[in-house]
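This is data_19.cif (mmCIF, C-alpha atoms and all ligand atoms).
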data_work
#
loop_
_atom_site.label_atom_id
_atom_site.label_comp_id
_atom_site.auth_asym_id
_atom_site.auth_seq_id
_atom_site.Cartn_x
_atom_site.Cartn_y
_atom_site.Cartn_z
CA MET D 1 -101.40 -12.68 -150.80
CA LEU D 2 -105.04 -11.58 -150.87
CA SER D 3 -106.69 -8.21 -150.30
CA VAL D 4 -109.34 -8.56 -147.58
CA PHE D 5 -111.46 -5.95 -145.83
CA ASN D 6 -113.23 -7.99 -143.18
CA ILE D 7 -113.57 -11.47 -141.77
CA GLN D 8 -116.89 -11.87 -140.01
CA ARG D 9 -117.45 -14.82 -137.72
CA TYR D 10 -120.90 -16.15 -136.69
CA SER D 11 -122.51 -14.86 -139.86
CA LEU D 12 -126.06 -16.25 -140.33
CA TYR D 13 -127.26 -14.86 -143.67
CA ASP D 14 -124.60 -15.90 -146.15
CA GLY D 15 -125.41 -19.45 -147.14
CA GLY D 16 -126.91 -21.55 -144.31
CA GLY D 17 -125.81 -22.43 -140.78
CA VAL D 18 -123.14 -20.61 -138.81
CA ARG D 19 -120.54 -19.26 -141.19
CA THR D 20 -117.38 -17.24 -141.37
CA THR D 21 -117.59 -14.73 -144.19
CA VAL D 22 -114.39 -13.47 -145.76
CA PHE D 23 -114.93 -10.16 -147.56
CA PHE D 24 -112.44 -9.56 -150.35
CA LYS D 25 -111.54 -6.12 -151.59
CA GLY D 26 -111.90 -5.04 -155.21
CA CYS D 27 -114.96 -5.06 -157.45
CA PRO D 28 -115.24 -4.55 -161.23
CA LEU D 29 -118.68 -2.94 -160.76
CA HIS D 30 -119.56 0.28 -158.97
CA CYS D 31 -123.26 -0.12 -158.19
CA GLN D 32 -124.63 3.26 -157.18
CA TRP D 33 -126.36 1.79 -154.08
CA CYS D 34 -123.46 -0.45 -152.96
CA ASN D 35 -123.67 -1.19 -149.21
CA ASN D 36 -119.96 -1.93 -149.01
CA PRO D 37 -118.36 1.04 -150.78
CA GLU D 38 -115.10 0.30 -148.94
CA SER D 39 -114.94 -2.96 -150.92
CA ILE D 40 -114.78 -1.47 -154.40
CA ASP D 41 -111.16 -0.27 -154.44
CA PRO D 42 -108.75 -3.24 -154.45
CA PHE D 43 -106.24 -1.33 -152.32
CA PRO D 44 -106.65 -0.21 -148.68
CA SER D 45 -109.13 2.64 -148.23
CA ILE D 46 -108.87 5.53 -145.80
CA MET D 47 -111.99 6.18 -143.75
CA PHE D 48 -112.11 9.49 -141.90
CA ASP D 49 -114.80 10.51 -139.42
CA GLU D 50 -114.55 14.26 -138.93
CA ARG D 51 -116.77 14.12 -135.82
CA SER D 52 -114.25 12.00 -133.90
CA CYS D 53 -111.17 14.02 -134.93
CA HIS D 54 -109.48 15.75 -132.00
CA ALA D 55 -106.77 17.30 -134.16
CA PHE D 56 -103.87 15.46 -132.53
CA GLY D 57 -102.02 15.91 -135.82
CA ASP D 58 -100.34 12.48 -135.79
CA CYS D 59 -101.78 11.63 -139.23
CA LEU D 60 -100.31 14.83 -140.73
CA LYS D 61 -96.78 13.69 -139.86
CA ALA D 62 -97.32 10.10 -141.03
CA GLY D 63 -99.22 11.11 -144.16
CA GLU D 64 -96.11 12.15 -146.11
CA GLY D 65 -97.77 15.35 -147.33
CA TYR D 66 -100.85 13.54 -148.67
CA ILE D 67 -102.80 14.44 -145.52
CA PHE D 68 -102.88 18.16 -144.86
CA GLN D 69 -104.89 20.89 -143.22
CA SER D 70 -106.28 23.91 -144.94
CA ASP D 71 -108.66 26.44 -143.37
CA GLY D 72 -108.86 24.17 -140.31
CA VAL D 73 -110.17 21.24 -142.38
CA LEU D 74 -108.31 17.96 -142.88
CA HIS D 75 -107.79 16.92 -146.51
CA ILE D 76 -106.69 13.49 -147.76
CA ASP D 77 -105.23 13.02 -151.21
CA ARG D 78 -106.75 9.54 -151.62
CA GLU D 79 -105.62 9.27 -155.22
CA HIS D 80 -101.90 9.43 -154.45
CA ILE D 81 -101.44 8.32 -150.84
CA THR D 82 -99.75 4.93 -150.37
CA CYS D 83 -98.34 4.94 -146.78
CA PHE D 84 -101.22 2.84 -145.41
CA SER D 85 -99.17 0.75 -143.00
CA ARG D 86 -97.77 3.88 -141.29
CA LEU D 87 -101.28 5.23 -140.89
CA ARG D 88 -102.98 2.03 -139.75
CA ASP D 89 -102.90 2.65 -135.99
CA ILE D 90 -101.80 6.28 -135.99
CA CYS D 91 -105.02 8.00 -134.90
CA PRO D 92 -105.57 7.87 -131.10
CA SER D 93 -109.27 8.69 -131.46
CA LYS D 94 -109.82 6.27 -134.40
CA ALA D 95 -111.16 9.13 -136.52
CA LEU D 96 -108.85 7.97 -139.30
CA GLN D 97 -108.86 4.27 -140.04
CA ILE D 98 -107.42 2.09 -142.76
CA CYS D 99 -109.90 -0.36 -144.21
CA GLY D 100 -108.45 -3.49 -145.78
CA ARG D 101 -105.26 -5.44 -145.42
CA ILE D 102 -103.15 -7.83 -147.41
CA MET D 103 -103.36 -11.30 -145.87
CA SER D 104 -101.59 -14.55 -146.59
CA ILE D 105 -103.48 -17.79 -147.20
CA GLU D 106 -102.20 -19.05 -143.81
CA GLU D 107 -103.55 -15.96 -141.98
CA ILE D 108 -107.00 -16.36 -143.53
CA LEU D 109 -107.01 -20.11 -142.87
CA SER D 110 -106.16 -19.61 -139.21
CA GLU D 111 -109.22 -17.32 -138.86
CA VAL D 112 -111.70 -19.52 -140.70
CA MET D 113 -110.56 -22.69 -138.90
CA LYS D 114 -111.48 -21.22 -135.48
CA ASP D 115 -115.16 -22.14 -135.85
CA VAL D 116 -114.98 -25.57 -137.46
CA PRO D 117 -117.03 -27.18 -134.61
CA PHE D 118 -119.84 -24.63 -135.19
CA TYR D 119 -119.84 -25.31 -138.93
CA SER D 120 -120.27 -29.04 -138.32
CA MET D 121 -123.06 -28.60 -135.76
CA SER D 122 -125.07 -26.05 -137.76
CA GLY D 123 -124.53 -27.14 -141.35
CA GLY D 124 -122.53 -23.95 -141.93
CA GLY D 125 -119.12 -23.25 -143.38
CA VAL D 126 -117.18 -20.49 -145.05
CA THR D 127 -118.59 -17.84 -147.39
CA ILE D 128 -116.46 -15.74 -149.68
CA SER D 129 -117.86 -12.32 -150.47
CA GLY D 130 -116.75 -8.82 -151.36
CA GLY D 131 -116.33 -6.85 -153.46
CA GLU D 132 -115.98 -9.53 -156.07
CA PRO D 133 -114.02 -12.47 -154.62
CA PHE D 134 -113.26 -14.05 -158.01
CA ALA D 135 -111.33 -10.93 -159.02
CA GLN D 136 -108.46 -12.51 -157.01
CA ASP D 137 -108.99 -15.97 -158.50
CA HIS D 138 -105.35 -17.03 -158.92
CA ILE D 139 -104.57 -17.05 -155.19
CA LEU D 140 -108.17 -17.49 -154.09
CA SER D 141 -108.29 -20.89 -155.82
CA THR D 142 -105.46 -22.13 -153.57
CA LEU D 143 -107.19 -20.82 -150.44
CA LEU D 144 -110.46 -22.48 -151.43
CA SER D 145 -108.76 -25.83 -152.14
CA GLU D 146 -107.24 -25.75 -148.65
CA ILE D 147 -110.60 -24.99 -147.03
CA LYS D 148 -112.31 -27.67 -149.11
CA SER D 149 -109.69 -30.28 -148.26
CA ALA D 150 -110.55 -29.67 -144.58
CA GLY D 151 -114.10 -30.80 -145.43
CA ILE D 152 -115.64 -27.33 -145.00
CA HIS D 153 -118.68 -26.25 -147.03
CA ILE D 154 -118.01 -23.17 -149.20
CA SER D 155 -120.50 -20.61 -150.52
CA ALA D 156 -119.47 -17.82 -152.87
CA GLU D 157 -121.26 -14.47 -153.17
CA THR D 158 -120.55 -13.06 -156.60
CA SER D 159 -121.67 -10.38 -159.02
CA LEU D 160 -120.80 -12.80 -161.87
CA HIS D 161 -119.28 -9.76 -163.56
CA ILE D 162 -115.90 -11.39 -164.11
CA PRO D 163 -114.39 -13.51 -166.90
CA TRP D 164 -115.68 -17.10 -166.76
CA ALA D 165 -112.08 -18.39 -166.55
CA SER D 166 -111.74 -16.71 -163.12
CA ILE D 167 -114.84 -18.48 -161.81
CA GLU D 168 -113.88 -21.76 -163.45
CA ARG D 169 -110.52 -21.75 -161.69
CA CYS D 170 -112.35 -21.97 -158.33
CA LEU D 171 -115.39 -23.95 -159.46
CA GLY D 172 -114.36 -27.32 -158.03
CA SER D 173 -114.12 -25.98 -154.46
CA VAL D 174 -117.37 -24.01 -154.27
CA ASP D 175 -120.55 -25.82 -153.17
CA VAL D 176 -123.12 -23.03 -153.58
CA PHE D 177 -123.04 -19.87 -155.67
CA LEU D 178 -124.98 -16.90 -154.28
CA ALA D 179 -125.14 -15.08 -157.60
CA ASP D 180 -126.45 -11.53 -158.03
CA LEU D 181 -129.01 -10.77 -160.69
CA LYS D 182 -129.61 -7.04 -160.55
CA HIS D 183 -131.41 -6.27 -163.80
CA LEU D 184 -132.20 -7.71 -167.22
CA ASN D 185 -132.02 -4.49 -169.20
CA ALA D 186 -128.50 -4.01 -170.52
CA GLU D 187 -128.68 -0.23 -170.78
CA LYS D 188 -130.02 0.22 -167.25
CA PHE D 189 -127.57 -2.29 -165.82
CA GLN D 190 -124.69 -0.43 -167.46
CA ARG D 191 -125.94 3.01 -166.33
CA PHE D 192 -126.36 2.06 -162.66
CA THR D 193 -123.46 -0.39 -162.18
CA GLY D 194 -120.97 0.41 -164.93
CA GLY D 195 -121.14 -3.24 -166.03
CA ASN D 196 -121.87 -5.35 -169.08
CA LEU D 197 -125.02 -7.47 -168.67
CA ASP D 198 -123.98 -9.96 -171.39
CA LEU D 199 -121.02 -11.02 -169.26
CA VAL D 200 -123.32 -11.73 -166.29
CA LEU D 201 -125.85 -13.63 -168.39
CA ASP D 202 -123.15 -15.72 -170.10
CA ASN D 203 -121.78 -16.62 -166.67
CA PHE D 204 -125.25 -17.61 -165.44
CA LYS D 205 -125.49 -19.93 -168.43
CA ASN D 206 -122.04 -21.44 -167.82
CA LEU D 207 -122.69 -21.83 -164.10
CA ASP D 208 -126.04 -23.47 -164.71
CA ASN D 209 -124.46 -25.88 -167.20
CA SER D 210 -121.75 -26.74 -164.65
CA GLY D 211 -124.41 -28.29 -162.41
CA LYS D 212 -123.46 -26.21 -159.36
CA THR D 213 -126.21 -25.14 -156.95
CA ILE D 214 -127.21 -21.52 -157.55
CA VAL D 215 -129.08 -19.18 -155.24
CA VAL D 216 -130.14 -16.10 -157.20
CA ARG D 217 -129.76 -12.90 -155.17
CA VAL D 218 -131.71 -9.79 -156.09
CA PRO D 219 -130.95 -6.46 -154.45
CA VAL D 220 -134.28 -4.61 -154.62
CA ILE D 221 -133.48 -0.97 -155.28
CA PRO D 222 -136.09 1.80 -155.68
CA GLY D 223 -135.43 3.82 -158.82
CA PHE D 224 -133.51 0.91 -160.34
CA ASN D 225 -135.41 -2.38 -160.36
CA PHE D 226 -138.23 -2.08 -157.81
CA SER D 227 -141.20 -2.45 -160.18
CA GLU D 228 -143.47 -5.34 -161.05
CA PRO D 229 -142.28 -5.85 -164.66
CA GLU D 230 -138.58 -5.65 -163.71
CA LEU D 231 -138.80 -7.99 -160.71
CA PHE D 232 -141.10 -10.45 -162.48
CA GLN D 233 -138.62 -10.63 -165.36
CA ILE D 234 -135.79 -11.39 -162.93
CA ILE D 235 -137.85 -14.06 -161.15
CA ASP D 236 -138.79 -15.66 -164.50
CA PHE D 237 -135.11 -15.78 -165.45
CA ALA D 238 -134.22 -17.47 -162.15
CA ALA D 239 -137.08 -19.96 -162.47
CA ASN D 240 -135.81 -21.01 -165.90
CA LEU D 241 -132.35 -21.96 -164.58
CA LYS D 242 -131.94 -25.72 -164.11
CA ASN D 243 -129.92 -25.47 -160.91
CA ALA D 244 -131.44 -22.48 -159.10
CA ALA D 245 -133.93 -23.73 -156.53
CA GLU D 246 -133.87 -20.56 -154.42
CA ILE D 247 -134.15 -16.81 -154.86
CA ASN D 248 -133.27 -14.22 -152.20
CA PHE D 249 -134.58 -10.67 -152.19
CA ILE D 250 -132.37 -8.10 -150.46
CA PRO D 251 -134.34 -4.94 -149.64
CA PHE D 252 -132.49 -1.65 -150.08
CA HIS D 253 -131.57 0.44 -147.04
CA SER D 254 -129.42 3.52 -146.84
CA LEU D 255 -127.37 2.49 -143.79
CA ALA D 256 -124.16 2.90 -145.78
CA LYS D 257 -124.56 6.70 -145.78
CA GLU D 258 -121.90 7.29 -143.12
CA LYS D 259 -119.43 4.97 -144.84
CA TYR D 260 -119.69 6.98 -148.06
CA ALA D 261 -119.06 10.22 -146.13
CA MET D 262 -116.04 8.67 -144.36
CA LEU D 263 -114.60 7.51 -147.68
CA GLY D 264 -115.11 10.93 -149.28
CA LYS D 265 -117.42 9.33 -151.87
CA GLU D 266 -120.69 10.65 -153.21
CA TYR D 267 -123.71 8.44 -152.29
CA ILE D 268 -126.20 8.89 -155.11
CA PHE D 269 -128.76 6.63 -153.39
CA GLY D 270 -128.25 8.23 -149.95
CA ASN D 271 -131.68 9.89 -149.90
CA GLN D 272 -133.54 7.00 -151.49
CA ARG D 273 -136.25 5.44 -149.34
CA ASN D 274 -135.76 2.07 -147.68
CA VAL D 275 -137.65 -0.97 -148.98
CA GLU D 276 -139.70 -2.72 -146.29
CA LYS D 277 -139.76 -6.50 -146.15
CA HIS D 278 -143.57 -6.67 -146.40
CA GLU D 279 -143.41 -4.86 -149.77
CA LEU D 280 -141.58 -7.87 -151.17
CA LEU D 281 -144.12 -10.50 -150.10
CA PRO D 282 -145.99 -10.43 -153.44
CA TYR D 283 -142.70 -11.05 -155.27
CA ALA D 284 -141.79 -13.89 -152.94
CA GLY D 285 -145.27 -15.33 -153.61
CA TYR D 286 -144.78 -15.04 -157.38
CA ALA D 287 -141.37 -16.74 -157.14
CA GLU D 288 -142.87 -19.59 -155.10
CA LYS D 289 -145.61 -20.08 -157.71
CA LYS D 290 -142.79 -20.45 -160.22
CA GLY D 291 -141.30 -23.28 -158.14
CA LEU D 292 -138.55 -21.37 -156.33
CA ILE D 293 -137.89 -21.20 -152.59
CA ALA D 294 -138.13 -17.47 -151.88
CA LYS D 295 -136.49 -15.67 -148.95
CA ILE D 296 -136.52 -12.00 -148.04
CA LEU D 297 -133.23 -11.20 -146.33
CA ASN D 298 -132.36 -8.34 -143.96
S1 LIG S 1 -121.26 -5.83 -157.19
FE1 LIG S 1 -121.63 -5.72 -154.98
S2 LIG S 1 -119.65 -5.06 -154.09
FE2 LIG S 1 -119.57 -4.65 -156.30
S3 LIG S 1 -120.22 -2.52 -156.48
FE3 LIG S 1 -122.04 -3.80 -156.80
S4 LIG S 1 -123.00 -3.96 -154.80
FE4 LIG S 1 -120.88 -3.24 -154.46
#
Now, as a test, write the supplied structure out as structure tokens.
Amino acid sequence: MLSVFNIQRYSLYDGGGVRTTVFFKGCPLHCQWCNNPESIDPFPSIMFDERSCHAFGDCLKAGEGYIFQSDGVLHIDREHITCFSRLRDICPSKALQICGRIMSIEEILSEVMKDVPFYSMSGGGVTISGGEPFAQDHILSTLLSEIKSAGIHISAETSLHIPWASIERCLGSVDVFLADLKHLNAEKFQRFTGGNLDLVLDNFKNLDNSGKTIVVRVPVIPGFNFSEPELFQIIDFAANLKNAAEINFIPFHSLAKEKYAMLGKEYIFGNQRNVEKHELLPYAGYAEKKGLIAKILN
């Protein structure tokens, strides 16, 4: 069984052509700007939108004491609550929703197989994303083999912050790796993501030596890496990889603000300014001079 938080059909930005993107839950990093904060916890997450709550009280009964009211405000003990299946469809106004479900390989396959004709026509396929998909490598590898044996192209979006053995287990099935490179300063990387940069860089080296196609993905985040020396250093790193022909810049936006509020999480980057696409043109130009195909994504 695999922990999944979304399966998005007709996705156009995750690896070429029309694709179905499967978003897996659970991530070893906790990037302060993360656009998918509901993906970080490997277990189901409770999202609560106070504005839509009509106080029907159904969640209080189903919440086994972990959802309660005090001073007219609803509280959720997210640390201890486990009755997710009882809560899944309990709220008539959808103010309280459960994000994420455990799915079998067969259930995921039946979703991704729906658009096989579109994949063939458009040069698309299936993309695995997250969270960090390779955190579920043992069962994921079986899913990917099944998809591959149906002749479907597979792209994998990854933070590369995972033991190499987990990536290696799935390596044979993946055609293109969309690999994040967030920063090249170990201290800054650790401070903003909680991660270990050496692990990411070792995995870049291993991946490059494996001969797999790599697309380097750079989230451009003000206050973290949005400066000429930092972005040039990242571009230089990408240009020196043997198997990375393309670099993608992903401009920061704060659209995830509401999701953080609904998850009861603090959003440290919530008031940070958005990055406009035109601000990244000089970096795309620099990357192209270095021999890379450069794209600025939405
Ligand atoms: S690696 Fe991606 S999914 Fe994980 S915390 Fe960072 S931005 Fe979010």
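Taking atom S4 of ligand LIG 1 (chain S) and atom CA of Asn36 of chain D as the two end points, the separation is 6.8 Å.
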Exercise. Check which residues fall inside 7 Å of ligand LIG 1 (chain S) when counting all atoms listed in the file, and print them as a ChimeraX atom specification.
Key: /D:27-31,33-37,39-40,130-132,159,193
Practice problem: Show which residues sit within 6 Å of segment 142-145 of chain D, as an MDAnalysis selection string. Count all atoms listed in the file, and ignore same-chain residues fewer than 3 positions away. | Solution: chainID D and resid 105 139 148:149 173
5 Å per side around segment 114-127 of chain D: axis-aligned box centre and edge lengths, as JSON:
{"center_x": -118.3, "center_y": -23.4, "center_z": -141.0, "size_x": 23.6, "size_y": 21.2, "size_z": 22.8}
Practice problem: Using only C-alpha atoms, determine which residues lie at most 9 Å from Ser166 of chain D, disregarding the query and same-chain residues fewer than 2 positions distant; provide the list as a PyMOL selection string. | Solution: chain D and resi 134-138+162-164+168-171
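When the distance limit is 12 Å and all atoms listed in the file are what count, the residues near Leu12 of chain D, minus those fewer than 4 positions from it on the same chain, are Gln8, Gly16, Gly17, Val18, Arg19, Thr20, Thr21, Phe118, Tyr119, Ser122, Gly123, Gly124, Gly125, Val126, Thr127, Leu297 and Asn298 of chain D.
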Quiz prompt | Distance in Å - atom CA of Phe224 of chain D versus atom CA of Pro133 of chain D | solution =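 Between atom CA of Phe224 of chain D and atom CA of Pro133 of chain D the gap is 24.3 Å.
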Where atoms are missing, can you supply N, CA and C atoms for segment 255-290 of chain D and output the lot as a PDB file, keeping the file's coordinate frame?
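The resulting file, part.pdb, is shown below:
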ATOM      1  N   LEU D 255    -128.249   2.475-144.966  1.00  0.00           N
ATOM      2  CA  LEU D 255    -127.370   2.490-143.790  1.00  0.00           C
ATOM      3  C   LEU D 255    -125.908   2.788-144.123  1.00  0.00           C
ATOM      4  N   ALA D 256    -125.566   2.686-145.401  1.00  0.00           N
ATOM      5  CA  ALA D 256    -124.160   2.900-145.780  1.00  0.00           C
ATOM      6  C   ALA D 256    -123.797   4.385-145.884  1.00  0.00           C
ATOM      7  N   LYS D 257    -124.759   5.259-145.598  1.00  0.00           N
ATOM      8  CA  LYS D 257    -124.560   6.700-145.780  1.00  0.00           C
ATOM      9  C   LYS D 257    -123.274   7.213-145.110  1.00  0.00           C
ATOM     10  N   GLU D 258    -123.081   6.801-143.857  1.00  0.00           N
ATOM     11  CA  GLU D 258    -121.900   7.290-143.120  1.00  0.00           C
ATOM     12  C   GLU D 258    -120.610   6.786-143.737  1.00  0.00           C
ATOM     13  N   LYS D 259    -120.655   5.528-144.238  1.00  0.00           N
ATOM     14  CA  LYS D 259    -119.430   4.970-144.840  1.00  0.00           C
ATOM     15  C   LYS D 259    -119.025   5.789-146.061  1.00  0.00           C
ATOM     16  N   TYR D 260    -120.003   6.170-146.871  1.00  0.00           N
ATOM     17  CA  TYR D 260    -119.690   6.980-148.060  1.00  0.00           C
ATOM     18  C   TYR D 260    -119.040   8.300-147.634  1.00  0.00           C
ATOM     19  N   ALA D 261    -119.616   8.935-146.589  1.00  0.00           N
ATOM     20  CA  ALA D 261    -119.060  10.220-146.130  1.00  0.00           C
ATOM     21  C   ALA D 261    -117.626  10.015-145.636  1.00  0.00           C
ATOM     22  N   MET D 262    -117.385   8.917-144.905  1.00  0.00           N
ATOM     23  CA  MET D 262    -116.040   8.670-144.360  1.00  0.00           C
ATOM     24  C   MET D 262    -115.019   8.333-145.440  1.00  0.00           C
ATOM     25  N   LEU D 263    -115.502   7.838-146.565  1.00  0.00           N
ATOM     26  CA  LEU D 263    -114.600   7.510-147.680  1.00  0.00           C
ATOM     27  C   LEU D 263    -114.425   8.682-148.638  1.00  0.00           C
ATOM     28  N   GLY D 264    -115.165   9.782-148.378  1.00  0.00           N
ATOM     29  CA  GLY D 264    -115.110  10.930-149.280  1.00  0.00           C
ATOM     30  C   GLY D 264    -115.775  10.642-150.605  1.00  0.00           C
ATOM     31  N   LYS D 265    -116.737   9.702-150.614  1.00  0.00           N
ATOM     32  CA  LYS D 265    -117.420   9.330-151.870  1.00  0.00           C
ATOM     33  C   LYS D 265    -118.827   9.902-151.885  1.00  0.00           C
ATOM     34  N   GLU D 266    -119.304  10.201-153.072  1.00  0.00           N
ATOM     35  CA  GLU D 266    -120.690  10.650-153.210  1.00  0.00           C
ATOM     36  C   GLU D 266    -121.612   9.423-153.122  1.00  0.00           C
ATOM     37  N   TYR D 267    -122.742   9.554-152.404  1.00  0.00           N
ATOM     38  CA  TYR D 267    -123.710   8.440-152.290  1.00  0.00           C
ATOM     39  C   TYR D 267    -124.980   8.867-153.002  1.00  0.00           C
ATOM     40  N   ILE D 268    -125.086   8.451-154.271  1.00  0.00           N
ATOM     41  CA  ILE D 268    -126.200   8.890-155.110  1.00  0.00           C
ATOM     42  C   ILE D 268    -127.535   8.387-154.548  1.00  0.00           C
ATOM     43  N   PHE D 269    -127.529   7.212-153.914  1.00  0.00           N
ATOM     44  CA  PHE D 269    -128.760   6.630-153.390  1.00  0.00           C
ATOM     45  C   PHE D 269    -128.987   6.985-151.905  1.00  0.00           C
ATOM     46  N   GLY D 270    -128.196   7.913-151.384  1.00  0.00           N
ATOM     47  CA  GLY D 270    -128.250   8.230-149.950  1.00  0.00           C
ATOM     48  C   GLY D 270    -129.605   8.715-149.465  1.00  0.00           C
ATOM     49  N   ASN D 271    -130.374   9.380-150.341  1.00  0.00           N
ATOM     50  CA  ASN D 271    -131.680   9.890-149.900  1.00  0.00           C
ATOM     51  C   ASN D 271    -132.831   9.047-150.424  1.00  0.00           C
ATOM     52  N   GLN D 272    -132.488   7.893-150.979  1.00  0.00           N
ATOM     53  CA  GLN D 272    -133.540   7.000-151.490  1.00  0.00           C
ATOM     54  C   GLN D 272    -134.241   6.321-150.307  1.00  0.00           C
ATOM     55  N   ARG D 273    -135.521   6.051-150.456  1.00  0.00           N
ATOM     56  CA  ARG D 273    -136.250   5.440-149.340  1.00  0.00           C
ATOM     57  C   ARG D 273    -135.845   3.971-149.151  1.00  0.00           C
ATOM     58  N   ASN D 274    -136.019   3.488-147.932  1.00  0.00           N
ATOM     59  CA  ASN D 274    -135.760   2.070-147.680  1.00  0.00           C
ATOM     60  C   ASN D 274    -136.906   1.220-148.246  1.00  0.00           C
ATOM     61  N   VAL D 275    -136.604  -0.021-148.569  1.00  0.00           N
ATOM     62  CA  VAL D 275    -137.650  -0.970-148.980  1.00  0.00           C
ATOM     63  C   VAL D 275    -137.991  -1.819-147.756  1.00  0.00           C
ATOM     64  N   GLU D 276    -139.274  -1.917-147.444  1.00  0.00           N
ATOM     65  CA  GLU D 276    -139.700  -2.720-146.290  1.00  0.00           C
ATOM     66  C   GLU D 276    -139.933  -4.160-146.741  1.00  0.00           C
ATOM     67  N   LYS D 277    -139.646  -5.068-145.811  1.00  0.00           N
ATOM     68  CA  LYS D 277    -139.760  -6.500-146.150  1.00  0.00           C
ATOM     69  C   LYS D 277    -141.159  -6.861-146.657  1.00  0.00           C
ATOM     70  N   HIS D 278    -142.209  -6.277-146.011  1.00  0.00           N
ATOM     71  CA  HIS D 278    -143.570  -6.670-146.400  1.00  0.00           C
ATOM     72  C   HIS D 278    -143.883  -6.284-147.845  1.00  0.00           C
ATOM     73  N   GLU D 279    -143.175  -5.271-148.373  1.00  0.00           N
ATOM     74  CA  GLU D 279    -143.410  -4.860-149.770  1.00  0.00           C
ATOM     75  C   GLU D 279    -142.956  -5.940-150.752  1.00  0.00           C
ATOM     76  N   LEU D 280    -142.126  -6.847-150.273  1.00  0.00           N
ATOM     77  CA  LEU D 280    -141.580  -7.870-151.170  1.00  0.00           C
ATOM     78  C   LEU D 280    -142.363  -9.185-151.118  1.00  0.00           C
ATOM     79  N   LEU D 281    -143.344  -9.246-150.222  1.00  0.00           N
ATOM     80  CA  LEU D 281    -144.120 -10.500-150.100  1.00  0.00           C
ATOM     81  C   LEU D 281    -144.777 -10.925-151.405  1.00  0.00           C
ATOM     82  N   PRO D 282    -145.388  -9.996-152.173  1.00  0.00           N
ATOM     83  CA  PRO D 282    -145.990 -10.430-153.440  1.00  0.00           C
ATOM     84  C   PRO D 282    -144.967 -11.037-154.405  1.00  0.00           C
ATOM     85  N   TYR D 283    -143.743 -10.524-154.367  1.00  0.00           N
ATOM     86  CA  TYR D 283    -142.700 -11.050-155.270  1.00  0.00           C
ATOM     87  C   TYR D 283    -142.233 -12.419-154.799  1.00  0.00           C
ATOM     88  N   ALA D 284    -142.152 -12.576-153.472  1.00  0.00           N
ATOM     89  CA  ALA D 284    -141.790 -13.890-152.940  1.00  0.00           C
ATOM     90  C   ALA D 284    -142.877 -14.903-153.317  1.00  0.00           C
ATOM     91  N   GLY D 285    -144.145 -14.462-153.247  1.00  0.00           N
ATOM     92  CA  GLY D 285    -145.270 -15.330-153.610  1.00  0.00           C
ATOM     93  C   GLY D 285    -145.184 -15.730-155.077  1.00  0.00           C
ATOM     94  N   TYR D 286    -144.892 -14.770-155.943  1.00  0.00           N
ATOM     95  CA  TYR D 286    -144.780 -15.040-157.380  1.00  0.00           C
ATOM     96  C   TYR D 286    -143.650 -16.044-157.635  1.00  0.00           C
ATOM     97  N   ALA D 287    -142.525 -15.842-156.949  1.00  0.00           N
ATOM     98  CA  ALA D 287    -141.370 -16.740-157.140  1.00  0.00           C
ATOM     99  C   ALA D 287    -141.742 -18.159-156.687  1.00  0.00           C
ATOM    100  N   GLU D 288    -142.489 -18.258-155.583  1.00  0.00           N
ATOM    101  CA  GLU D 288    -142.870 -19.590-155.100  1.00  0.00           C
ATOM    102  C   GLU D 288    -143.818 -20.287-156.084  1.00  0.00           C
ATOM    103  N   LYS D 289    -144.713 -19.490-156.682  1.00  0.00           N
ATOM    104  CA  LYS D 289    -145.610 -20.080-157.710  1.00  0.00           C
ATOM    105  C   LYS D 289    -144.798 -20.622-158.882  1.00  0.00           C
ATOM    106  N   LYS D 290    -143.646 -20.010-159.112  1.00  0.00           N
ATOM    107  CA  LYS D 290    -142.790 -20.450-160.220  1.00  0.00           C
ATOM    108  C   LYS D 290    -141.886 -21.611-159.808  1.00  0.00           C
TER     109      LYS D 290
END
